[in-house]
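Below: the structure, in structure tokens.
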Amino acid sequence: MDHDTFNMGIRKYLKVVGVTSQREIERAVTEALEAGKLKGNETLQARVVLTVEGIGLEHEIKGEIALE
């Protein structure tokens with residue numbers, strides 16, 4: 001295994017995950033605000049489940065996203 005190639009592959013994947021996740025969260029929050037489902041002062045509970053097939057990895061990451 002080439003550790004540099006492996007490291008770069010992980011970094012590229014995580015960059016896509018981060019950018020896509022931010023875009024989707026922003027879109028969903030904007031839509032919820034426009035629909036009156038959110039007031040804009042909430043703290044949202046977030047959860048991501050990371051799964052890597054082939055090695056049996058499943059890891060849950062929980063956090064909060066404050067809107068104000």
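The chains in the structure tokens are called A, B, ... from first to last as shown; in each chain the residues are counted from 1, and the ligands are counted from 1 in the order shown.
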Determine, using only C-alpha atoms, which residues of stretch 31-64 of chain A have any atom at most 12 Å from an atom of stretch 11-22 of chain A, and tabulate each with its shortest atom pair and distance in Å to one decimal place, rows ordered by chain and then rising number, as a Markdown table.
| residue | atom | partner | partner_atom | distance |
| --- | --- | --- | --- | --- |
| A:Ala46 | CA | A:Ser21 | CA | 11.0 |
| A:Arg47 | CA | A:Ser21 | CA | 11.3 |
| A:Val48 | CA | A:Ser21 | CA | 9.7 |
| A:Val49 | CA | A:Val17 | CA | 11.8 |
| A:Leu50 | CA | A:Val17 | CA | 10.3 |
| A:Val52 | CA | A:Tyr13 | CA | 11.6 |
Please produce a file of the residues just selected, as an mmCIF file, in the first residue's frame, where the atoms kept are N, CA and C atoms.
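In the end it all went to again03.cif:
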data_model
loop_
_atom_site.group_PDB
_atom_site.id
_atom_site.type_symbol
_atom_site.label_atom_id
_atom_site.label_comp_id
_atom_site.auth_asym_id
_atom_site.auth_seq_id
_atom_site.Cartn_x
_atom_site.Cartn_y
_atom_site.Cartn_z
ATOM 1 N N ALA A 46 -27.281 17.103 14.684
ATOM 2 C CA ALA A 46 -26.811 16.508 13.430
ATOM 3 C C ALA A 46 -26.137 15.167 13.730
ATOM 4 N N ARG A 47 -26.221 14.276 12.754
ATOM 5 C CA ARG A 47 -25.610 12.963 12.895
ATOM 6 C C ARG A 47 -25.146 12.495 11.522
ATOM 7 N N VAL A 48 -23.948 11.972 11.464
ATOM 8 C CA VAL A 48 -23.399 11.392 10.242
ATOM 9 C C VAL A 48 -22.972 9.970 10.564
ATOM 10 N N VAL A 49 -23.296 9.057 9.676
ATOM 11 C CA VAL A 49 -22.823 7.689 9.831
ATOM 12 C C VAL A 49 -21.852 7.422 8.685
ATOM 13 N N LEU A 50 -20.602 7.181 9.057
ATOM 14 C CA LEU A 50 -19.554 6.874 8.079
ATOM 15 C C LEU A 50 -19.476 5.365 7.921
ATOM 16 N N VAL A 52 -17.605 2.367 5.555
ATOM 17 C CA VAL A 52 -16.628 2.005 4.532
ATOM 18 C C VAL A 52 -16.778 0.508 4.282
#
field: Secondary structure check, helix (DSSP H, G or I) residues of chain A, as an MDAnalysis selection string
entry: chainID A and resid 3:34
- prompt: Any idea what's packed within 12 Å of stretch 61-68 of chain A, counting only C-alpha atoms, ignoring anything in its chain fewer than 5 positions away? Could you give it as a PyMOL selection string?
  reply: chain A and resi 22+25-26+29-30+33+38-51
I'd like to know which residues of stretch 32-65 of chain A are strand (DSSP E) (by DSSP, run on the backbone); could you write them as an mmCIF file with N, CA and C atoms, in the first residue's frame?
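Output saved as part.cif:
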data_model
loop_
_atom_site.group_PDB
_atom_site.id
_atom_site.type_symbol
_atom_site.label_atom_id
_atom_site.label_comp_id
_atom_site.auth_asym_id
_atom_site.auth_seq_id
_atom_site.Cartn_x
_atom_site.Cartn_y
_atom_site.Cartn_z
ATOM 1 N N THR A 43 -31.006 25.298 17.665
ATOM 2 C CA THR A 43 -29.777 24.518 17.551
ATOM 3 C C THR A 43 -30.200 23.143 17.054
ATOM 4 N N LEU A 44 -29.689 22.787 15.905
ATOM 5 C CA LEU A 44 -30.090 21.533 15.274
ATOM 6 C C LEU A 44 -29.139 20.400 15.664
ATOM 7 N N GLN A 45 -29.712 19.242 15.906
ATOM 8 C CA GLN A 45 -28.917 18.053 16.192
ATOM 9 C C GLN A 45 -28.547 17.406 14.854
ATOM 10 N N ALA A 46 -27.281 17.103 14.684
ATOM 11 C CA ALA A 46 -26.811 16.508 13.430
ATOM 12 C C ALA A 46 -26.137 15.167 13.730
ATOM 13 N N ARG A 47 -26.221 14.276 12.754
ATOM 14 C CA ARG A 47 -25.610 12.963 12.895
ATOM 15 C C ARG A 47 -25.146 12.495 11.522
ATOM 16 N N VAL A 48 -23.948 11.972 11.464
ATOM 17 C CA VAL A 48 -23.399 11.392 10.242
ATOM 18 C C VAL A 48 -22.972 9.970 10.564
ATOM 19 N N VAL A 49 -23.296 9.057 9.676
ATOM 20 C CA VAL A 49 -22.823 7.689 9.831
ATOM 21 C C VAL A 49 -21.852 7.422 8.685
ATOM 22 N N LEU A 50 -20.602 7.181 9.057
ATOM 23 C CA LEU A 50 -19.554 6.874 8.079
ATOM 24 C C LEU A 50 -19.476 5.365 7.921
ATOM 25 N N THR A 51 -19.642 4.900 6.704
ATOM 26 C CA THR A 51 -19.560 3.474 6.411
ATOM 27 C C THR A 51 -18.527 3.271 5.319
ATOM 28 N N VAL A 52 -17.605 2.367 5.555
ATOM 29 C CA VAL A 52 -16.628 2.005 4.532
ATOM 30 C C VAL A 52 -16.778 0.508 4.282
ATOM 31 N N LEU A 57 -16.237 -0.954 8.536
ATOM 32 C CA LEU A 57 -16.246 0.266 9.352
ATOM 33 C C LEU A 57 -17.615 0.916 9.314
ATOM 34 N N GLU A 58 -18.155 1.183 10.488
ATOM 35 C CA GLU A 58 -19.349 2.006 10.621
ATOM 36 C C GLU A 58 -19.148 2.844 11.871
ATOM 37 N N HIS A 59 -19.095 4.162 11.680
ATOM 38 C CA HIS A 59 -18.790 5.081 12.784
ATOM 39 C C HIS A 59 -19.790 6.232 12.746
ATOM 40 N N GLU A 60 -20.399 6.512 13.900
ATOM 41 C CA GLU A 60 -21.391 7.580 13.997
ATOM 42 C C GLU A 60 -20.747 8.811 14.628
ATOM 43 N N ILE A 61 -21.029 9.968 14.040
ATOM 44 C CA ILE A 61 -20.516 11.244 14.542
ATOM 45 C C ILE A 61 -21.728 12.140 14.795
ATOM 46 N N LYS A 62 -21.853 12.602 16.040
ATOM 47 C CA LYS A 62 -22.976 13.460 16.410
ATOM 48 C C LYS A 62 -22.452 14.859 16.727
ATOM 49 N N GLY A 63 -23.312 15.842 16.497
ATOM 50 C CA GLY A 63 -22.941 17.215 16.813
ATOM 51 C C GLY A 63 -24.154 18.119 16.769
ATOM 52 N N GLU A 64 -23.887 19.395 16.959
ATOM 53 C CA GLU A 64 -24.941 20.407 16.940
ATOM 54 C C GLU A 64 -24.577 21.506 15.958
ATOM 55 N N ILE A 65 -25.608 22.094 15.359
ATOM 56 C CA ILE A 65 -25.435 23.226 14.462
ATOM 57 C C ILE A 65 -26.342 24.340 14.973
#
